[in-house]
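S.K.: Here it is, the structure, as structure tokens.
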Amino acid sequence: MCDHSLSPQVQKEQWQDYKRPASEQHYSDEVETYGNLEPSQLELSGLSEACNKLWELDLNRLVPGRDYQIDCGDGKRVHERADMAEGLLFSWVSEEVSRKPTFARFCSLLDNYNPNEGYKEVVTEEERQEQAAFIEEISRTSVIKYLHRYLVLKDVAPGSYLEFKRMLTSLWFDLYGRGGTSGSSSAFEHVFVGEIKQSGGEQVSGFHNWLQFYLEEAKGTVDYQGYIFPRRRGEIPDSETQLLTIQFEWNGVLKSVSSTLVGVSPEFELALYTMCFFMGTEDNHIQLGPYNVNVKCYRLGNNRIGSAFPIAES
């Protein structure tokens with residue numbers, strides 16, 4: 001296993017292909033559907049059951065120790081400023097991960113944004129192609145197919161899969177104003193990439209994705225500073241934990257507390273937050289496999305995701 005095997009330098013060549021016109025794109029075949037993708041009555045009546053079904057359908061979720069290794073270091077309180085982690089959070093990530101189509105297409109999007117909040121984003125035609133290619137790729141997975149069926153039955157999404165993909169593209173990639181500048185942010189940029197707020201003292205805003213964390217850590221722009229002590233004793237995270245509450249600096253700016261789902265696929269996170277946005281409220285207390293989670297979902301108006309992220313509950 002080589003360190004930083006997913007590092008941007010290694011993958012740039014592959015990602016260049018994703019900038020090509022739609023007619024020149026090659027997608028993975030439709031995945032074999034795993035289990036029954038028809039939502040049950042229990043799932044339709046309970047958001048937690050539906051979100052847990054997404055967790056079960058996430059065939060691309062990585063296995064700790066096989067696909068990657070983390071070292072949580074030592075714990076700290078939120079207000080403590082000492083760096084309690086000597087090394088990196090990620091010891092290694094397998095090269096196989098970068099060959100997973102949805103992971104690779106997701107990573108290709110991460111360098112399309114300026115991290116400073118309030119900076120007007122310019123979206124090139126190539127970047128629009130990358131966005132469309134990512135949505136097309138994840139739409140071939142069981143997770144997104146289930147999300148579609150669920151939202152159709154709830155009269156939230158169009159029956160046409162093509163229209164549904166357009167809906168997802170608009171929800172996640174359409175630009176909106178943040179920090180007083182129009183066209184400076186999007187749900188995708190805030191949630192998955194992260195932004196640096198200037199007003200009221202610099203702080204990291206958003207940035208809840210583990211792949212972005214890994215790649216930035218590999219580049220040296222993220223400094224992992226330790227995990228935040230859980231509310232309950234005896235629940236100290238270890239290398240197997242896939243829901244972490246951590247503290248870090250990005251480009252020298254502090255993120256005092258951040259929860260992140262480690263090893264999950266990009267399609268799972270996007271599906272989870274989309275479902276909570278349409279079917280939930282600001283606080284969504286759900287079960288994801290072994291984890292009790294509150295998925296926070298902040299709205300901008302009625303039709304925009306301002307932010308979405310998991311909070312570990314004891």
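Order determines the names: the first chain of the structure tokens is A, the second B, and so forth; residues in each chain are numbered 1 upward, and ligands are numbered 1 upward as they are shown.
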Find the residues around stretch 280-287 of chain A up to 8 Å (only C-alpha atoms counted), leave out those fewer than 4 positions away in its own chain, and share them as a count of residues only.
M.R.: 16
S.K.: Excluding A:Arg304 and residues on its chain fewer than 5 positions from it, collect all residues at most 10 Å away from it, counting only C-alpha atoms, and give them as an NGL selection string.
M.R.: :A and (170-172 or 174-176 or 186-187 or 277 or 298-299)
S.K.: Those selected residues, please, written with all heavy atoms and delivered as a CSV table (one decimal), in the first residue's frame.
M.R.:
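Output saved as again12.csv:
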```csv
chain,number,residue,atom,x,y,z
A,170,SER,N,-28.9,20.5,-10.7
A,170,SER,CA,-29.3,21.8,-10.3
A,170,SER,C,-29.2,22.0,-8.8
A,170,SER,O,-28.7,23.0,-8.3
A,170,SER,CB,-30.8,22.1,-10.7
A,170,SER,OG,-31.2,23.3,-10.2
A,171,LEU,N,-29.7,21.0,-8.0
A,171,LEU,CA,-29.7,21.1,-6.5
A,171,LEU,C,-28.3,21.3,-6.0
A,171,LEU,O,-28.0,22.1,-5.1
A,171,LEU,CB,-30.3,19.9,-5.9
A,171,LEU,CG,-30.4,19.8,-4.4
A,171,LEU,CD1,-31.3,20.8,-3.8
A,171,LEU,CD2,-30.8,18.4,-4.0
A,172,TRP,N,-27.4,20.5,-6.6
A,172,TRP,CA,-26.0,20.5,-6.0
A,172,TRP,C,-25.0,21.5,-6.6
A,172,TRP,O,-24.1,21.9,-6.0
A,172,TRP,CB,-25.4,19.1,-6.1
A,172,TRP,CG,-26.1,18.2,-5.0
A,172,TRP,CD1,-27.1,17.4,-5.1
A,172,TRP,CD2,-25.7,18.2,-3.6
A,172,TRP,NE1,-27.4,16.8,-3.9
A,172,TRP,CE2,-26.6,17.3,-3.0
A,172,TRP,CE3,-24.8,18.9,-2.8
A,172,TRP,CZ2,-26.5,17.1,-1.6
A,172,TRP,CZ3,-24.7,18.6,-1.5
A,172,TRP,CH2,-25.6,17.8,-0.9
A,174,ASP,N,-25.9,24.3,-9.0
A,174,ASP,CA,-26.3,25.7,-9.3
A,174,ASP,C,-25.7,26.7,-8.3
A,174,ASP,O,-25.7,26.4,-7.1
A,174,ASP,CB,-27.8,25.9,-9.3
A,174,ASP,CG,-28.5,25.3,-10.6
A,174,ASP,OD1,-27.8,24.8,-11.4
A,174,ASP,OD2,-29.7,25.4,-10.7
A,175,LEU,N,-25.2,27.8,-8.8
A,175,LEU,CA,-24.5,28.8,-7.9
A,175,LEU,C,-25.5,29.7,-7.3
A,175,LEU,O,-26.6,30.0,-7.8
A,175,LEU,CB,-23.5,29.6,-8.8
A,175,LEU,CG,-22.3,28.9,-9.4
A,175,LEU,CD1,-21.5,29.9,-10.2
A,175,LEU,CD2,-21.4,28.3,-8.3
A,176,TYR,N,-25.2,30.0,-6.0
A,176,TYR,CA,-26.0,31.0,-5.3
A,176,TYR,C,-25.1,31.9,-4.5
A,176,TYR,O,-23.8,31.7,-4.5
A,176,TYR,CB,-27.0,30.3,-4.4
A,176,TYR,CG,-26.5,29.3,-3.4
A,176,TYR,CD1,-25.6,29.6,-2.4
A,176,TYR,CD2,-26.9,28.0,-3.5
A,176,TYR,CE1,-25.2,28.6,-1.5
A,176,TYR,CE2,-26.5,27.0,-2.6
A,176,TYR,CZ,-25.6,27.3,-1.6
A,176,TYR,OH,-25.2,26.4,-0.7
A,186,SER,N,-22.1,27.0,-3.9
A,186,SER,CA,-23.1,26.0,-4.3
A,186,SER,C,-23.1,25.0,-3.2
A,186,SER,O,-22.2,25.0,-2.3
A,186,SER,CB,-22.7,25.3,-5.6
A,186,SER,OG,-21.5,24.6,-5.5
A,187,ALA,N,-24.2,24.2,-3.2
A,187,ALA,CA,-24.3,23.2,-2.2
A,187,ALA,C,-23.1,22.2,-2.2
A,187,ALA,O,-22.5,21.8,-1.2
A,187,ALA,CB,-25.6,22.4,-2.4
A,277,PHE,N,-32.8,16.6,2.9
A,277,PHE,CA,-33.3,18.0,2.4
A,277,PHE,C,-34.7,17.9,2.0
A,277,PHE,O,-35.5,18.8,2.4
A,277,PHE,CB,-32.4,18.4,1.2
A,277,PHE,CG,-32.9,19.7,0.6
A,277,PHE,CD1,-32.7,20.9,1.2
A,277,PHE,CD2,-33.5,19.7,-0.6
A,277,PHE,CE1,-33.1,22.1,0.7
A,277,PHE,CE2,-33.9,20.9,-1.2
A,277,PHE,CZ,-33.8,22.1,-0.6
A,298,TYR,N,-29.4,22.6,6.6
A,298,TYR,CA,-29.7,24.0,6.6
A,298,TYR,C,-30.2,24.4,5.2
A,298,TYR,O,-29.5,24.1,4.2
A,298,TYR,CB,-28.6,24.9,7.0
A,298,TYR,CG,-28.2,24.7,8.5
A,298,TYR,CD1,-27.0,24.0,8.9
A,298,TYR,CD2,-29.0,25.2,9.5
A,298,TYR,CE1,-26.7,23.8,10.2
A,298,TYR,CE2,-28.7,25.0,10.8
A,298,TYR,CZ,-27.5,24.3,11.2
A,298,TYR,OH,-27.2,24.2,12.5
A,299,ARG,N,-31.3,25.1,5.1
A,299,ARG,CA,-31.8,25.6,3.8
A,299,ARG,C,-31.5,27.0,3.6
A,299,ARG,O,-31.3,27.8,4.5
A,299,ARG,CB,-33.3,25.5,3.8
A,299,ARG,CG,-33.8,24.1,4.0
A,299,ARG,CD,-35.3,24.0,4.3
A,299,ARG,NE,-35.6,22.5,4.4
A,299,ARG,CZ,-36.0,21.8,3.3
A,299,ARG,NH1,-36.1,22.3,2.2
A,299,ARG,NH2,-36.2,20.5,3.5
```
S.K.: At most 8 Å is the cut-off: for each residue in stretch 114-222 of chain A with any atom that close to an atom of stretch 102-110 of chain A, write down the nearest atom pair and the distance in Å rounded to one decimal, counting only C-alpha atoms, chain first then increasing number, as a Markdown table.
M.R.:
```
| residue | atom | partner | partner_atom | distance |
| --- | --- | --- | --- | --- |
| A:Glu127 | CA | A:Leu109 | CA | 7.5 |
| A:Glu130 | CA | A:Leu109 | CA | 6.6 |
| A:Gln131 | CA | A:Leu109 | CA | 7.1 |
| A:Ala133 | CA | A:Arg105 | CA | 7.3 |
| A:Phe134 | CA | A:Arg105 | CA | 5.4 |
| A:Glu137 | CA | A:Thr102 | CA | 5.9 |
| A:Ile138 | CA | A:Thr102 | CA | 5.9 |
| A:Val193 | CA | A:Leu110 | CA | 6.2 |
| A:Leu211 | CA | A:Cys107 | CA | 7.5 |
| A:Gln212 | CA | A:Leu110 | CA | 7.2 |
```
S.K.: What lies within 12 Å of A:Ala82 using only C-alpha atoms, ignoring chain neighbours under 4 positions off, as a PyMOL selection string?
M.R.: chain A and resi 74-78+86+223-227+247-249+254+256
S.K.: For A:Gly87, which of A:Ile236, A:Leu151, A:Cys72, A:Val253 is the closest residue, counting only C-alpha atoms?
M.R.: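 Looking at the shortest contact to A:Gly87, the residue is A:Cys72.
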S.K.: Extract the full set of strand (DSSP E) residues from stretch 30-105 of chain A according to DSSP on the backbone, and format it as number ranges by chain.
M.R.: A: 68-70, 75-76, 90-93
S.K.: In Å, with one decimal, what is the gap from atom CA of A:Tyr161 to atom CA of A:Lys145?
M.R.: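 Pair atom CA of A:Tyr161 / atom CA of A:Lys145 returns 8.9 Å.
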S.K.: Among the residues of stretch 75-182 of chain A, find those DSSP assigns to helix (DSSP H, G or I) from the backbone and print them as an MDAnalysis selection string.
M.R.: chainID A and resid 95:99 101:112 125:138 142:153 161:173
S.K.: Can you tell me how far atom CA of A:Ser98 sits from atom CA of A:Asp17, in Å to one decimal?
M.R.: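 Going from atom CA of A:Ser98 over to atom CA of A:Asp17, I get 14.3 Å.
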S.K.: Could you pull the residues within 12 Å of stretch 36-39 of chain A, counting only C-alpha atoms, minus those fewer than 5 positions along the same chain, as a PDB file with all heavy atoms, in the first residue's frame?
M.R.:
```pdb
ATOM      1  N   LEU A  44     -40.957   4.078   3.755  1.00  0.00           N
ATOM      2  CA  LEU A  44     -41.737   5.227   3.295  1.00  0.00           C
ATOM      3  C   LEU A  44     -42.333   6.013   4.465  1.00  0.00           C
ATOM      4  O   LEU A  44     -42.595   7.204   4.346  1.00  0.00           O
ATOM      5  CB  LEU A  44     -42.847   4.781   2.346  1.00  0.00           C
ATOM      6  CG  LEU A  44     -42.381   4.354   0.947  1.00  0.00           C
ATOM      7  CD1 LEU A  44     -43.492   3.653   0.187  1.00  0.00           C
ATOM      8  CD2 LEU A  44     -41.878   5.565   0.153  1.00  0.00           C
ATOM      9  N   SER A  45     -42.520   5.349   5.589  1.00  0.00           N
ATOM     10  CA  SER A  45     -43.118   6.036   6.737  1.00  0.00           C
ATOM     11  C   SER A  45     -42.074   6.543   7.725  1.00  0.00           C
ATOM     12  O   SER A  45     -42.402   7.262   8.658  1.00  0.00           O
ATOM     13  CB  SER A  45     -44.098   5.107   7.464  1.00  0.00           C
ATOM     14  OG  SER A  45     -43.421   3.950   7.926  1.00  0.00           O
ATOM     15  N   GLY A  46     -40.806   6.151   7.523  1.00  0.00           N
ATOM     16  CA  GLY A  46     -39.769   6.591   8.452  1.00  0.00           C
ATOM     17  C   GLY A  46     -38.494   6.996   7.749  1.00  0.00           C
ATOM     18  O   GLY A  46     -37.898   6.200   7.018  1.00  0.00           O
ATOM     19  N   LEU A  47     -38.061   8.243   7.976  1.00  0.00           N
ATOM     20  CA  LEU A  47     -36.849   8.739   7.325  1.00  0.00           C
ATOM     21  C   LEU A  47     -35.618   7.948   7.766  1.00  0.00           C
ATOM     22  O   LEU A  47     -34.739   7.654   6.956  1.00  0.00           O
ATOM     23  CB  LEU A  47     -36.659  10.230   7.644  1.00  0.00           C
ATOM     24  CG  LEU A  47     -35.427  10.902   7.033  1.00  0.00           C
ATOM     25  CD1 LEU A  47     -35.481  10.872   5.518  1.00  0.00           C
ATOM     26  CD2 LEU A  47     -35.290  12.346   7.528  1.00  0.00           C
ATOM     27  N   GLU A  49     -35.387   4.812   8.614  1.00  0.00           N
ATOM     28  CA  GLU A  49     -35.353   3.516   7.918  1.00  0.00           C
ATOM     29  C   GLU A  49     -34.896   3.688   6.472  1.00  0.00           C
ATOM     30  O   GLU A  49     -34.142   2.866   5.948  1.00  0.00           O
ATOM     31  CB  GLU A  49     -36.734   2.850   7.958  1.00  0.00           C
ATOM     32  CG  GLU A  49     -37.113   2.267   9.304  1.00  0.00           C
ATOM     33  CD  GLU A  49     -37.592   3.307  10.313  1.00  0.00           C
ATOM     34  OE1 GLU A  49     -37.768   4.489   9.928  1.00  0.00           O
ATOM     35  OE2 GLU A  49     -37.783   2.943  11.483  1.00  0.00           O
ATOM     36  N   ALA A  50     -35.356   4.770   5.836  1.00  0.00           N
ATOM     37  CA  ALA A  50     -34.974   5.030   4.441  1.00  0.00           C
ATOM     38  C   ALA A  50     -33.482   5.352   4.339  1.00  0.00           C
ATOM     39  O   ALA A  50     -32.784   4.874   3.433  1.00  0.00           O
ATOM     40  CB  ALA A  50     -35.805   6.173   3.864  1.00  0.00           C
ATOM     41  N   CYS A  51     -32.972   6.159   5.277  1.00  0.00           N
ATOM     42  CA  CYS A  51     -31.542   6.509   5.262  1.00  0.00           C
ATOM     43  C   CYS A  51     -30.685   5.284   5.549  1.00  0.00           C
ATOM     44  O   CYS A  51     -29.612   5.111   4.950  1.00  0.00           O
ATOM     45  CB  CYS A  51     -31.248   7.608   6.276  1.00  0.00           C
ATOM     46  SG  CYS A  51     -31.942   9.217   5.840  1.00  0.00           S
ATOM     47  N   ASN A  52     -31.154   4.424   6.441  1.00  0.00           N
ATOM     48  CA  ASN A  52     -30.412   3.202   6.747  1.00  0.00           C
ATOM     49  C   ASN A  52     -30.393   2.264   5.545  1.00  0.00           C
ATOM     50  O   ASN A  52     -29.424   1.536   5.323  1.00  0.00           O
ATOM     51  CB  ASN A  52     -30.996   2.497   7.969  1.00  0.00           C
ATOM     52  CG  ASN A  52     -30.020   1.498   8.564  1.00  0.00           C
ATOM     53  OD1 ASN A  52     -28.860   1.824   8.794  1.00  0.00           O
ATOM     54  ND2 ASN A  52     -30.467   0.286   8.772  1.00  0.00           N
ATOM     55  N   LYS A  53     -31.462   2.303   4.754  1.00  0.00           N
ATOM     56  CA  LYS A  53     -31.495   1.515   3.517  1.00  0.00           C
ATOM     57  C   LYS A  53     -30.413   2.013   2.553  1.00  0.00           C
ATOM     58  O   LYS A  53     -29.725   1.216   1.893  1.00  0.00           O
ATOM     59  CB  LYS A  53     -32.871   1.612   2.863  1.00  0.00           C
ATOM     60  CG  LYS A  53     -33.001   0.895   1.528  1.00  0.00           C
ATOM     61  CD  LYS A  53     -33.013  -0.606   1.698  1.00  0.00           C
ATOM     62  CE  LYS A  53     -33.418  -1.267   0.374  1.00  0.00           C
ATOM     63  NZ  LYS A  53     -33.719  -2.699   0.540  1.00  0.00           N
ATOM     64  N   LEU A  54     -30.229   3.324   2.480  1.00  0.00           N
ATOM     65  CA  LEU A  54     -29.150   3.881   1.651  1.00  0.00           C
ATOM     66  C   LEU A  54     -27.802   3.339   2.119  1.00  0.00           C
ATOM     67  O   LEU A  54     -26.946   2.985   1.309  1.00  0.00           O
ATOM     68  CB  LEU A  54     -29.143   5.413   1.725  1.00  0.00           C
ATOM     69  CG  LEU A  54     -30.314   6.165   1.085  1.00  0.00           C
ATOM     70  CD1 LEU A  54     -30.204   7.655   1.387  1.00  0.00           C
ATOM     71  CD2 LEU A  54     -30.369   5.928  -0.418  1.00  0.00           C
ATOM     72  N   GLU A  56     -27.233   0.504   3.626  1.00  0.00           N
ATOM     73  CA  GLU A  56     -27.151  -0.905   3.227  1.00  0.00           C
ATOM     74  C   GLU A  56     -26.848  -1.055   1.735  1.00  0.00           C
ATOM     75  O   GLU A  56     -26.195  -2.012   1.318  1.00  0.00           O
ATOM     76  CB  GLU A  56     -28.465  -1.626   3.552  1.00  0.00           C
ATOM     77  CG  GLU A  56     -28.717  -1.801   5.039  1.00  0.00           C
ATOM     78  CD  GLU A  56     -30.123  -2.326   5.328  1.00  0.00           C
ATOM     79  OE1 GLU A  56     -30.849  -2.666   4.367  1.00  0.00           O
ATOM     80  OE2 GLU A  56     -30.489  -2.382   6.521  1.00  0.00           O
ATOM     81  N   LEU A  57     -27.329  -0.111   0.946  1.00  0.00           N
ATOM     82  CA  LEU A  57     -27.146  -0.185  -0.514  1.00  0.00           C
ATOM     83  C   LEU A  57     -25.801   0.369  -0.982  1.00  0.00           C
ATOM     84  O   LEU A  57     -25.474   0.274  -2.163  1.00  0.00           O
ATOM     85  CB  LEU A  57     -28.270   0.586  -1.224  1.00  0.00           C
ATOM     86  CG  LEU A  57     -29.673  -0.026  -1.164  1.00  0.00           C
ATOM     87  CD1 LEU A  57     -30.689   0.945  -1.750  1.00  0.00           C
ATOM     88  CD2 LEU A  57     -29.727  -1.361  -1.908  1.00  0.00           C
ATOM     89  N   THR A 141     -25.805   3.753  -9.851  1.00  0.00           N
ATOM     90  CA  THR A 141     -25.640   2.973  -8.622  1.00  0.00           C
ATOM     91  C   THR A 141     -26.986   2.706  -7.952  1.00  0.00           C
ATOM     92  O   THR A 141     -27.957   3.453  -8.132  1.00  0.00           O
ATOM     93  CB  THR A 141     -24.730   3.712  -7.616  1.00  0.00           C
ATOM     94  OG1 THR A 141     -25.394   4.922  -7.189  1.00  0.00           O
ATOM     95  CG2 THR A 141     -23.383   4.057  -8.235  1.00  0.00           C
ATOM     96  N   SER A 142     -27.008   1.667  -7.135  1.00  0.00           N
ATOM     97  CA  SER A 142     -28.233   1.300  -6.412  1.00  0.00           C
ATOM     98  C   SER A 142     -28.698   2.422  -5.486  1.00  0.00           C
ATOM     99  O   SER A 142     -29.902   2.652  -5.324  1.00  0.00           O
ATOM    100  CB  SER A 142     -27.986   0.042  -5.576  1.00  0.00           C
ATOM    101  OG  SER A 142     -27.715  -1.069  -6.398  1.00  0.00           O
ATOM    102  N   VAL A 143     -27.742   3.115  -4.873  1.00  0.00           N
ATOM    103  CA  VAL A 143     -28.064   4.170  -3.909  1.00  0.00           C
ATOM    104  C   VAL A 143     -28.921   5.257  -4.557  1.00  0.00           C
ATOM    105  O   VAL A 143     -29.948   5.680  -4.017  1.00  0.00           O
ATOM    106  CB  VAL A 143     -26.761   4.792  -3.341  1.00  0.00           C
ATOM    107  CG1 VAL A 143     -27.060   6.016  -2.503  1.00  0.00           C
ATOM    108  CG2 VAL A 143     -26.013   3.768  -2.502  1.00  0.00           C
ATOM    109  N   ILE A 144     -28.498   5.723  -5.725  1.00  0.00           N
ATOM    110  CA  ILE A 144     -29.217   6.814  -6.392  1.00  0.00           C
ATOM    111  C   ILE A 144     -30.524   6.302  -7.010  1.00  0.00           C
ATOM    112  O   ILE A 144     -31.535   7.007  -7.024  1.00  0.00           O
ATOM    113  CB  ILE A 144     -28.320   7.497  -7.453  1.00  0.00           C
ATOM    114  CG1 ILE A 144     -27.060   8.083  -6.784  1.00  0.00           C
ATOM    115  CG2 ILE A 144     -29.080   8.590  -8.195  1.00  0.00           C
ATOM    116  CD1 ILE A 144     -27.316   9.197  -5.779  1.00  0.00           C
ATOM    117  N   LYS A 145     -30.518   5.084  -7.491  1.00  0.00           N
ATOM    118  CA  LYS A 145     -31.759   4.516  -8.035  1.00  0.00           C
ATOM    119  C   LYS A 145     -32.823   4.398  -6.947  1.00  0.00           C
ATOM    120  O   LYS A 145     -34.004   4.685  -7.180  1.00  0.00           O
ATOM    121  CB  LYS A 145     -31.481   3.152  -8.660  1.00  0.00           C
ATOM    122  CG  LYS A 145     -30.717   3.249  -9.971  1.00  0.00           C
ATOM    123  CD  LYS A 145     -30.437   1.879 -10.553  1.00  0.00           C
ATOM    124  CE  LYS A 145     -29.743   2.013 -11.893  1.00  0.00           C
ATOM    125  NZ  LYS A 145     -29.429   0.719 -12.495  1.00  0.00           N
ATOM    126  N   TYR A 146     -32.396   3.977  -5.765  1.00  0.00           N
ATOM    127  CA  TYR A 146     -33.337   3.884  -4.648  1.00  0.00           C
ATOM    128  C   TYR A 146     -33.842   5.270  -4.265  1.00  0.00           C
ATOM    129  O   TYR A 146     -35.042   5.474  -4.032  1.00  0.00           O
ATOM    130  CB  TYR A 146     -32.664   3.217  -3.441  1.00  0.00           C
ATOM    131  CG  TYR A 146     -33.535   3.198  -2.198  1.00  0.00           C
ATOM    132  CD1 TYR A 146     -34.497   2.203  -2.006  1.00  0.00           C
ATOM    133  CD2 TYR A 146     -33.402   4.181  -1.219  1.00  0.00           C
ATOM    134  CE1 TYR A 146     -35.299   2.191  -0.867  1.00  0.00           C
ATOM    135  CE2 TYR A 146     -34.203   4.179  -0.081  1.00  0.00           C
ATOM    136  CZ  TYR A 146     -35.141   3.190   0.087  1.00  0.00           C
ATOM    137  OH  TYR A 146     -35.946   3.183   1.216  1.00  0.00           O
ATOM    138  N   LEU A 147     -32.925   6.252  -4.177  1.00  0.00           N
ATOM    139  CA  LEU A 147     -33.314   7.631  -3.860  1.00  0.00           C
ATOM    140  C   LEU A 147     -34.386   8.117  -4.831  1.00  0.00           C
ATOM    141  O   LEU A 147     -35.385   8.724  -4.415  1.00  0.00           O
ATOM    142  CB  LEU A 147     -32.086   8.546  -3.931  1.00  0.00           C
ATOM    143  CG  LEU A 147     -32.360  10.051  -3.785  1.00  0.00           C
ATOM    144  CD1 LEU A 147     -32.767  10.402  -2.357  1.00  0.00           C
ATOM    145  CD2 LEU A 147     -31.123  10.867  -4.200  1.00  0.00           C
ATOM    146  N   HIS A 148     -34.197   7.848  -6.119  1.00  0.00           N
ATOM    147  CA  HIS A 148     -35.154   8.283  -7.125  1.00  0.00           C
ATOM    148  C   HIS A 148     -36.524   7.658  -6.875  1.00  0.00           C
ATOM    149  O   HIS A 148     -37.544   8.348  -6.822  1.00  0.00           O
ATOM    150  CB  HIS A 148     -34.665   7.921  -8.539  1.00  0.00           C
ATOM    151  CG  HIS A 148     -35.648   8.274  -9.610  1.00  0.00           C
ATOM    152  ND1 HIS A 148     -36.160   7.342 -10.489  1.00  0.00           N
ATOM    153  CD2 HIS A 148     -36.237   9.460  -9.930  1.00  0.00           C
ATOM    154  CE1 HIS A 148     -37.015   7.941 -11.307  1.00  0.00           C
ATOM    155  NE2 HIS A 148     -37.065   9.224 -10.988  1.00  0.00           N
ATOM    156  N   ARG A 149     -36.555   6.345  -6.680  1.00  0.00           N
ATOM    157  CA  ARG A 149     -37.838   5.666  -6.467  1.00  0.00           C
ATOM    158  C   ARG A 149     -38.537   6.195  -5.220  1.00  0.00           C
ATOM    159  O   ARG A 149     -39.748   6.364  -5.201  1.00  0.00           O
ATOM    160  CB  ARG A 149     -37.624   4.156  -6.363  1.00  0.00           C
ATOM    161  CG  ARG A 149     -37.159   3.568  -7.693  1.00  0.00           C
ATOM    162  CD  ARG A 149     -37.034   2.067  -7.669  1.00  0.00           C
ATOM    163  NE  ARG A 149     -36.273   1.616  -8.847  1.00  0.00           N
ATOM    164  CZ  ARG A 149     -36.143   0.362  -9.210  1.00  0.00           C
ATOM    165  NH1 ARG A 149     -36.696  -0.590  -8.490  1.00  0.00           N
ATOM    166  NH2 ARG A 149     -35.452   0.032 -10.292  1.00  0.00           N
ATOM    167  N   TYR A 150     -37.749   6.446  -4.194  1.00  0.00           N
ATOM    168  CA  TYR A 150     -38.309   6.948  -2.945  1.00  0.00           C
ATOM    169  C   TYR A 150     -38.944   8.323  -3.154  1.00  0.00           C
ATOM    170  O   TYR A 150     -40.094   8.568  -2.754  1.00  0.00           O
ATOM    171  CB  TYR A 150     -37.204   7.028  -1.891  1.00  0.00           C
ATOM    172  CG  TYR A 150     -37.713   7.249  -0.487  1.00  0.00           C
ATOM    173  CD1 TYR A 150     -37.963   6.159   0.350  1.00  0.00           C
ATOM    174  CD2 TYR A 150     -37.938   8.525   0.013  1.00  0.00           C
ATOM    175  CE1 TYR A 150     -38.423   6.339   1.649  1.00  0.00           C
ATOM    176  CE2 TYR A 150     -38.402   8.720   1.306  1.00  0.00           C
ATOM    177  CZ  TYR A 150     -38.636   7.620   2.124  1.00  0.00           C
ATOM    178  OH  TYR A 150     -39.101   7.808   3.401  1.00  0.00           O
ATOM    179  N   LEU A 151     -38.208   9.222  -3.795  1.00  0.00           N
ATOM    180  CA  LEU A 151     -38.701  10.591  -3.979  1.00  0.00           C
ATOM    181  C   LEU A 151     -39.859  10.658  -4.973  1.00  0.00           C
ATOM    182  O   LEU A 151     -40.733  11.523  -4.850  1.00  0.00           O
ATOM    183  CB  LEU A 151     -37.556  11.509  -4.426  1.00  0.00           C
ATOM    184  CG  LEU A 151     -36.429  11.722  -3.392  1.00  0.00           C
ATOM    185  CD1 LEU A 151     -35.375  12.682  -3.937  1.00  0.00           C
ATOM    186  CD2 LEU A 151     -36.980  12.241  -2.061  1.00  0.00           C
ATOM    187  N   VAL A 152     -39.888   9.738  -5.926  1.00  0.00           N
ATOM    188  CA  VAL A 152     -41.031   9.672  -6.850  1.00  0.00           C
ATOM    189  C   VAL A 152     -42.288   9.283  -6.086  1.00  0.00           C
ATOM    190  O   VAL A 152     -43.358   9.888  -6.248  1.00  0.00           O
ATOM    191  CB  VAL A 152     -40.763   8.672  -8.003  1.00  0.00           C
ATOM    192  CG1 VAL A 152     -42.058   8.342  -8.755  1.00  0.00           C
ATOM    193  CG2 VAL A 152     -39.739   9.250  -8.978  1.00  0.00           C
ATOM    194  N   LEU A 153     -42.176   8.263  -5.225  1.00  0.00           N
ATOM    195  CA  LEU A 153     -43.326   7.823  -4.436  1.00  0.00           C
ATOM    196  C   LEU A 153     -43.793   8.894  -3.457  1.00  0.00           C
ATOM    197  O   LEU A 153     -44.949   8.903  -3.034  1.00  0.00           O
ATOM    198  CB  LEU A 153     -42.980   6.534  -3.672  1.00  0.00           C
ATOM    199  CG  LEU A 153     -42.835   5.278  -4.546  1.00  0.00           C
ATOM    200  CD1 LEU A 153     -42.289   4.111  -3.737  1.00  0.00           C
ATOM    201  CD2 LEU A 153     -44.191   4.905  -5.166  1.00  0.00           C
ATOM    202  N   LYS A 154     -42.894   9.808  -3.097  1.00  0.00           N
ATOM    203  CA  LYS A 154     -43.239  10.905  -2.203  1.00  0.00           C
ATOM    204  C   LYS A 154     -43.660  12.163  -2.972  1.00  0.00           C
ATOM    205  O   LYS A 154     -43.848  13.233  -2.389  1.00  0.00           O
ATOM    206  CB  LYS A 154     -42.037  11.250  -1.305  1.00  0.00           C
ATOM    207  CG  LYS A 154     -41.713  10.181  -0.263  1.00  0.00           C
ATOM    208  CD  LYS A 154     -42.780  10.130   0.821  1.00  0.00           C
ATOM    209  CE  LYS A 154     -42.347   9.273   1.995  1.00  0.00           C
ATOM    210  NZ  LYS A 154     -43.363   9.279   3.077  1.00  0.00           N
TER     211      LYS A 154
END
```
S.K.: Check the smallest atom-to-atom distance from each of A:Trp210, A:Tyr18, A:Tyr273, A:Phe192 to A:Pro115 using only C-alpha atoms, then report the winner.
M.R.: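 Among A:Trp210, A:Tyr18, A:Tyr273, A:Phe192, it is A:Phe192 that comes nearest to A:Pro115.
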S.K.: Quick one: of A:Val222, A:Leu42, A:Val97, A:Ile246, who's nearest to A:Asp71, counting only C-alpha atoms?
M.R.: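 The answer is A:Ile246, which sits nearest to A:Asp71.
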S.K.: Set the distance at 10 Å and use only C-alpha atoms: which residues neighbour A:Ile196 once local chain neighbours fewer than 5 positions away are removed? I'd like the list as a list in words.
M.R.: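 Using only C-alpha atoms, the neighbours found are Asn114, Pro115, Asn116, Glu117, Gly118, His190, Gly201, Glu202, Gln203, Val204, Ser205, Gly206, Phe207, Trp250, Asn251, Val253, Leu254 and Lys255 of chain A.
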S.K.: Measuring between only C-alpha atoms, which one of A:Ala132, A:Phe278, A:Glu126, A:Tyr214 shows the shortest distance to A:Asp155?
M.R.: A:Phe278
S.K.: Give the answer as one residue: which of A:Leu89, A:Ser182, A:Glu267, A:Gln129 has the shortest atom-to-atom distance to A:Phe213, using only C-alpha atoms?
M.R.: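 Among the listed residues, A:Leu89 lies closest to A:Phe213.
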